[in-house]
Amino acid sequence: MALGDLTKQIAEQAIRNAVNPPPAPPRPENAGTAMLAQLQAMQKALKEDEELIVLFHTGGETVRVLEFYFPSWQVAVLTGIGGDKATARVISPVESLQLVCKVAKISPPATPARIKFVAPR
């Protein structure tokens with residue numbers, strides 16, 4: 001290929017890109033929105049006699065999470081019950097959270113617990 005042809009092709013490509021810019025790459029998904037969506041989907045899929053148990057472990061403490069509050073998409077506040085049956089709160093960057101989720105059957109007359117979600121506005 002001659003140098004003139006190569007220069008012409010590069011110029012044509014530059015003009016095409018200027019007129020029709022390539023699509024922007026997809027934005028990376030926010031970890032907070034992804035976590036919230038997964039938790040809500042798991043809870044929504046439950047049957048009437050099932051509940052979603054979400055556990056957060058840190059050190060020697062285990063918290064059963066009953067509420068997720070996101071003051072921003074980067075920070076999560078988990079409220080639940082600790083091993084000593086006291087109310088516990090975990091405040092953490094979303095990227096650092098590691099949760100254990102499992103489905104449990106509930107025997108009547110008990111009613112299954114539902115996790116509460118509060119997202120940023």
# chains A, B, ... in the order shown; residues from 1 in each chain; ligands from 1

$ residues_around --residues "region 98-111 of chain A" --least-positions-apart "5" --cutoff "8 Å" --atoms "only C-alpha atoms" --output "list in words"
Leu46, Asp49, Glu50, Glu51, Leu52, Ile53, Val54, Leu55, Phe56 and His57 of chain A

$ residues_around --residues "region 81-95 of chain A" --least-positions-apart "4" --cutoff "10 Å" --atoms "only C-alpha atoms" --output "ChimeraX atom specification"
/A:30-33,35,55-58,60-70,72-77

$ select_by_dssp --residues "chain A" --states "helix (DSSP H, G or I)" --output "PyMOL selection string"
chain A and resi 3-19+31-44+94-96

$ write_last_selection --atoms "N, CA and C atoms" --output "short mmCIF file (atom, residue, chain, number, x, y, z; two decimals), in the first residue's frame"
data_model
loop_
_atom_site.label_atom_id
_atom_site.label_comp_id
_atom_site.auth_asym_id
_atom_site.auth_seq_id
_atom_site.Cartn_x
_atom_site.Cartn_y
_atom_site.Cartn_z
N LEU A 3 2.10 5.12 0.53
CA LEU A 3 2.00 6.05 1.65
C LEU A 3 0.82 7.01 1.47
N GLY A 4 0.57 7.42 0.25
CA GLY A 4 -0.55 8.33 -0.03
C GLY A 4 -1.89 7.66 0.27
N ASP A 5 -2.04 6.38 -0.09
CA ASP A 5 -3.28 5.65 0.19
C ASP A 5 -3.50 5.50 1.70
N LEU A 6 -2.43 5.21 2.41
CA LEU A 6 -2.53 5.05 3.86
C LEU A 6 -2.94 6.37 4.51
N THR A 7 -2.36 7.46 4.08
CA THR A 7 -2.72 8.78 4.62
C THR A 7 -4.18 9.09 4.32
N LYS A 8 -4.62 8.76 3.12
CA LYS A 8 -6.01 9.00 2.74
C LYS A 8 -6.96 8.19 3.62
N GLN A 9 -6.65 6.91 3.89
CA GLN A 9 -7.49 6.07 4.75
C GLN A 9 -7.56 6.61 6.17
N ILE A 10 -6.42 7.07 6.70
CA ILE A 10 -6.40 7.62 8.06
C ILE A 10 -7.25 8.88 8.13
N ALA A 11 -7.17 9.72 7.12
CA ALA A 11 -7.96 10.96 7.09
C ALA A 11 -9.46 10.64 7.00
N GLU A 12 -9.82 9.66 6.15
CA GLU A 12 -11.22 9.28 6.03
C GLU A 12 -11.76 8.73 7.36
N GLN A 13 -10.95 7.93 8.04
CA GLN A 13 -11.37 7.37 9.34
C GLN A 13 -11.55 8.49 10.36
N ALA A 14 -10.66 9.46 10.37
CA ALA A 14 -10.78 10.58 11.30
C ALA A 14 -12.05 11.37 11.04
N ILE A 15 -12.39 11.57 9.77
CA ILE A 15 -13.61 12.31 9.42
C ILE A 15 -14.85 11.51 9.85
N ARG A 16 -14.85 10.19 9.59
CA ARG A 16 -15.98 9.35 10.02
C ARG A 16 -16.16 9.39 11.54
N ASN A 17 -15.06 9.33 12.28
CA ASN A 17 -15.14 9.37 13.74
C ASN A 17 -15.63 10.73 14.24
N ALA A 18 -15.27 11.79 13.54
CA ALA A 18 -15.72 13.12 13.95
C ALA A 18 -17.22 13.28 13.70
N VAL A 19 -17.70 12.74 12.58
CA VAL A 19 -19.12 12.85 12.24
C VAL A 19 -19.95 11.87 13.06
N ALA A 31 -21.42 -0.36 42.70
CA ALA A 31 -21.49 -1.52 43.59
C ALA A 31 -22.72 -1.45 44.51
N GLY A 32 -23.08 -0.26 44.95
CA GLY A 32 -24.25 -0.11 45.83
C GLY A 32 -25.54 -0.49 45.14
N THR A 33 -25.72 -0.03 43.90
CA THR A 33 -26.95 -0.36 43.18
C THR A 33 -26.99 -1.85 42.84
N ALA A 34 -25.84 -2.42 42.52
CA ALA A 34 -25.80 -3.85 42.22
C ALA A 34 -26.15 -4.68 43.46
N MET A 35 -25.61 -4.29 44.61
CA MET A 35 -25.90 -5.02 45.85
C MET A 35 -27.38 -4.91 46.20
N LEU A 36 -27.92 -3.71 46.13
CA LEU A 36 -29.33 -3.51 46.45
C LEU A 36 -30.22 -4.32 45.52
N ALA A 37 -29.91 -4.30 44.23
CA ALA A 37 -30.72 -5.04 43.25
C ALA A 37 -30.68 -6.54 43.53
N GLN A 38 -29.52 -7.08 43.86
CA GLN A 38 -29.42 -8.51 44.13
C GLN A 38 -30.20 -8.90 45.39
N LEU A 39 -30.07 -8.11 46.43
CA LEU A 39 -30.80 -8.42 47.67
C LEU A 39 -32.30 -8.33 47.47
N GLN A 40 -32.75 -7.30 46.78
CA GLN A 40 -34.19 -7.16 46.53
C GLN A 40 -34.71 -8.30 45.66
N ALA A 41 -33.92 -8.72 44.66
CA ALA A 41 -34.34 -9.82 43.80
C ALA A 41 -34.46 -11.13 44.59
N MET A 42 -33.50 -11.37 45.50
CA MET A 42 -33.56 -12.58 46.32
C MET A 42 -34.80 -12.57 47.22
N GLN A 43 -35.09 -11.41 47.81
CA GLN A 43 -36.25 -11.33 48.70
C GLN A 43 -37.55 -11.45 47.91
N LYS A 44 -37.60 -10.86 46.73
CA LYS A 44 -38.81 -10.90 45.91
C LYS A 44 -39.14 -12.33 45.47
N VAL A 94 -19.45 0.20 50.62
CA VAL A 94 -20.15 -0.90 49.95
C VAL A 94 -19.16 -1.92 49.40
N GLU A 95 -18.05 -1.45 48.86
CA GLU A 95 -17.07 -2.36 48.25
C GLU A 95 -16.46 -3.33 49.27
N SER A 96 -16.51 -2.98 50.56
CA SER A 96 -15.92 -3.83 51.59
C SER A 96 -16.88 -4.86 52.17
#

$ decode --residues "region 53-66 of chain A" --atoms "all heavy atoms" --output "PDB file, in the first residue's frame"
ATOM      1  N   ILE A  53     -32.347 -14.648  55.030  1.00  0.00           N
ATOM      2  CA  ILE A  53     -31.467 -14.377  56.164  1.00  0.00           C
ATOM      3  C   ILE A  53     -30.164 -13.828  55.590  1.00  0.00           C
ATOM      4  O   ILE A  53     -29.512 -14.492  54.777  1.00  0.00           O
ATOM      5  CB  ILE A  53     -31.208 -15.646  56.993  1.00  0.00           C
ATOM      6  CG1 ILE A  53     -32.530 -16.134  57.585  1.00  0.00           C
ATOM      7  CG2 ILE A  53     -30.170 -15.377  58.074  1.00  0.00           C
ATOM      8  CD1 ILE A  53     -32.428 -17.446  58.318  1.00  0.00           C
ATOM      9  N   VAL A  54     -29.816 -12.617  55.991  1.00  0.00           N
ATOM     10  CA  VAL A  54     -28.575 -11.979  55.543  1.00  0.00           C
ATOM     11  C   VAL A  54     -27.704 -11.789  56.774  1.00  0.00           C
ATOM     12  O   VAL A  54     -28.118 -11.175  57.761  1.00  0.00           O
ATOM     13  CB  VAL A  54     -28.845 -10.625  54.860  1.00  0.00           C
ATOM     14  CG1 VAL A  54     -27.541  -9.977  54.433  1.00  0.00           C
ATOM     15  CG2 VAL A  54     -29.757 -10.801  53.663  1.00  0.00           C
ATOM     16  N   LEU A  55     -26.498 -12.342  56.713  1.00  0.00           N
ATOM     17  CA  LEU A  55     -25.564 -12.269  57.832  1.00  0.00           C
ATOM     18  C   LEU A  55     -24.317 -11.499  57.429  1.00  0.00           C
ATOM     19  O   LEU A  55     -23.819 -11.638  56.304  1.00  0.00           O
ATOM     20  CB  LEU A  55     -25.166 -13.668  58.288  1.00  0.00           C
ATOM     21  CG  LEU A  55     -26.302 -14.588  58.727  1.00  0.00           C
ATOM     22  CD1 LEU A  55     -25.775 -15.992  58.980  1.00  0.00           C
ATOM     23  CD2 LEU A  55     -26.989 -14.044  59.952  1.00  0.00           C
ATOM     24  N   PHE A  56     -23.822 -10.696  58.360  1.00  0.00           N
ATOM     25  CA  PHE A  56     -22.565  -9.981  58.184  1.00  0.00           C
ATOM     26  C   PHE A  56     -21.632 -10.421  59.309  1.00  0.00           C
ATOM     27  O   PHE A  56     -21.999 -10.357  60.483  1.00  0.00           O
ATOM     28  CB  PHE A  56     -22.799  -8.466  58.251  1.00  0.00           C
ATOM     29  CG  PHE A  56     -21.520  -7.670  58.215  1.00  0.00           C
ATOM     30  CD1 PHE A  56     -20.869  -7.453  57.012  1.00  0.00           C
ATOM     31  CD2 PHE A  56     -20.969  -7.161  59.379  1.00  0.00           C
ATOM     32  CE1 PHE A  56     -19.689  -6.731  56.975  1.00  0.00           C
ATOM     33  CE2 PHE A  56     -19.789  -6.444  59.342  1.00  0.00           C
ATOM     34  CZ  PHE A  56     -19.142  -6.230  58.138  1.00  0.00           C
ATOM     35  N   HIS A  57     -20.459 -10.912  58.949  1.00  0.00           N
ATOM     36  CA  HIS A  57     -19.471 -11.371  59.932  1.00  0.00           C
ATOM     37  C   HIS A  57     -18.304 -10.384  59.970  1.00  0.00           C
ATOM     38  O   HIS A  57     -17.802  -9.980  58.928  1.00  0.00           O
ATOM     39  CB  HIS A  57     -18.909 -12.746  59.559  1.00  0.00           C
ATOM     40  CG  HIS A  57     -19.928 -13.818  59.462  1.00  0.00           C
ATOM     41  ND1 HIS A  57     -20.486 -14.416  60.564  1.00  0.00           N
ATOM     42  CD2 HIS A  57     -20.506 -14.409  58.395  1.00  0.00           C
ATOM     43  CE1 HIS A  57     -21.349 -15.337  60.174  1.00  0.00           C
ATOM     44  NE2 HIS A  57     -21.393 -15.340  58.856  1.00  0.00           N
ATOM     45  N   THR A  58     -17.883 -10.047  61.167  1.00  0.00           N
ATOM     46  CA  THR A  58     -16.666  -9.251  61.331  1.00  0.00           C
ATOM     47  C   THR A  58     -16.026  -9.650  62.652  1.00  0.00           C
ATOM     48  O   THR A  58     -16.713  -9.681  63.684  1.00  0.00           O
ATOM     49  CB  THR A  58     -16.936  -7.737  61.281  1.00  0.00           C
ATOM     50  OG1 THR A  58     -15.700  -7.044  61.382  1.00  0.00           O
ATOM     51  CG2 THR A  58     -17.867  -7.270  62.361  1.00  0.00           C
ATOM     52  N   GLY A  59     -14.788  -9.996  62.592  1.00  0.00           N
ATOM     53  CA  GLY A  59     -14.118 -10.455  63.809  1.00  0.00           C
ATOM     54  C   GLY A  59     -14.883 -11.616  64.399  1.00  0.00           C
ATOM     55  O   GLY A  59     -15.215 -12.576  63.733  1.00  0.00           O
ATOM     56  N   GLY A  60     -15.232 -11.524  65.678  1.00  0.00           N
ATOM     57  CA  GLY A  60     -16.005 -12.573  66.327  1.00  0.00           C
ATOM     58  C   GLY A  60     -17.494 -12.277  66.365  1.00  0.00           C
ATOM     59  O   GLY A  60     -18.258 -13.021  66.946  1.00  0.00           O
ATOM     60  N   GLU A  61     -17.917 -11.199  65.735  1.00  0.00           N
ATOM     61  CA  GLU A  61     -19.315 -10.777  65.778  1.00  0.00           C
ATOM     62  C   GLU A  61     -20.039 -11.168  64.496  1.00  0.00           C
ATOM     63  O   GLU A  61     -19.512 -11.038  63.395  1.00  0.00           O
ATOM     64  CB  GLU A  61     -19.386  -9.255  65.944  1.00  0.00           C
ATOM     65  CG  GLU A  61     -20.769  -8.691  66.086  1.00  0.00           C
ATOM     66  CD  GLU A  61     -21.392  -8.957  67.447  1.00  0.00           C
ATOM     67  OE1 GLU A  61     -20.659  -9.160  68.424  1.00  0.00           O
ATOM     68  OE2 GLU A  61     -22.642  -8.964  67.518  1.00  0.00           O
ATOM     69  N   THR A  62     -21.266 -11.634  64.651  1.00  0.00           N
ATOM     70  CA  THR A  62     -22.151 -11.913  63.520  1.00  0.00           C
ATOM     71  C   THR A  62     -23.427 -11.110  63.718  1.00  0.00           C
ATOM     72  O   THR A  62     -24.016 -11.143  64.794  1.00  0.00           O
ATOM     73  CB  THR A  62     -22.491 -13.414  63.435  1.00  0.00           C
ATOM     74  OG1 THR A  62     -21.293 -14.146  63.246  1.00  0.00           O
ATOM     75  CG2 THR A  62     -23.434 -13.683  62.270  1.00  0.00           C
ATOM     76  N   VAL A  63     -23.815 -10.388  62.673  1.00  0.00           N
ATOM     77  CA  VAL A  63     -25.021  -9.564  62.729  1.00  0.00           C
ATOM     78  C   VAL A  63     -26.011 -10.104  61.715  1.00  0.00           C
ATOM     79  O   VAL A  63     -25.664 -10.294  60.538  1.00  0.00           O
ATOM     80  CB  VAL A  63     -24.704  -8.088  62.412  1.00  0.00           C
ATOM     81  CG1 VAL A  63     -25.971  -7.247  62.382  1.00  0.00           C
ATOM     82  CG2 VAL A  63     -23.709  -7.526  63.420  1.00  0.00           C
ATOM     83  N   ARG A  64     -27.240 -10.367  62.159  1.00  0.00           N
ATOM     84  CA  ARG A  64     -28.313 -10.709  61.229  1.00  0.00           C
ATOM     85  C   ARG A  64     -28.935  -9.386  60.783  1.00  0.00           C
ATOM     86  O   ARG A  64     -29.511  -8.651  61.580  1.00  0.00           O
ATOM     87  CB  ARG A  64     -29.383 -11.590  61.863  1.00  0.00           C
ATOM     88  CG  ARG A  64     -30.469 -11.872  60.842  1.00  0.00           C
ATOM     89  CD  ARG A  64     -31.495 -12.820  61.284  1.00  0.00           C
ATOM     90  NE  ARG A  64     -32.478 -12.965  60.208  1.00  0.00           N
ATOM     91  CZ  ARG A  64     -33.606 -13.592  60.351  1.00  0.00           C
ATOM     92  NH1 ARG A  64     -33.904 -14.187  61.482  1.00  0.00           N
ATOM     93  NH2 ARG A  64     -34.444 -13.667  59.335  1.00  0.00           N
ATOM     94  N   VAL A  65     -28.807  -9.086  59.505  1.00  0.00           N
ATOM     95  CA  VAL A  65     -29.205  -7.791  58.967  1.00  0.00           C
ATOM     96  C   VAL A  65     -30.711  -7.768  58.719  1.00  0.00           C
ATOM     97  O   VAL A  65     -31.260  -8.662  58.074  1.00  0.00           O
ATOM     98  CB  VAL A  65     -28.439  -7.479  57.667  1.00  0.00           C
ATOM     99  CG1 VAL A  65     -28.822  -6.111  57.135  1.00  0.00           C
ATOM    100  CG2 VAL A  65     -26.932  -7.568  57.890  1.00  0.00           C
ATOM    101  N   LEU A  66     -31.372  -6.724  59.230  1.00  0.00           N
ATOM    102  CA  LEU A  66     -32.807  -6.539  59.045  1.00  0.00           C
ATOM    103  C   LEU A  66     -33.126  -5.305  58.215  1.00  0.00           C
ATOM    104  O   LEU A  66     -34.253  -5.158  57.745  1.00  0.00           O
ATOM    105  CB  LEU A  66     -33.505  -6.445  60.405  1.00  0.00           C
ATOM    106  CG  LEU A  66     -33.306  -7.663  61.317  1.00  0.00           C
ATOM    107  CD1 LEU A  66     -33.880  -7.393  62.696  1.00  0.00           C
ATOM    108  CD2 LEU A  66     -33.924  -8.895  60.688  1.00  0.00           C
TER     109      LEU A  66
END
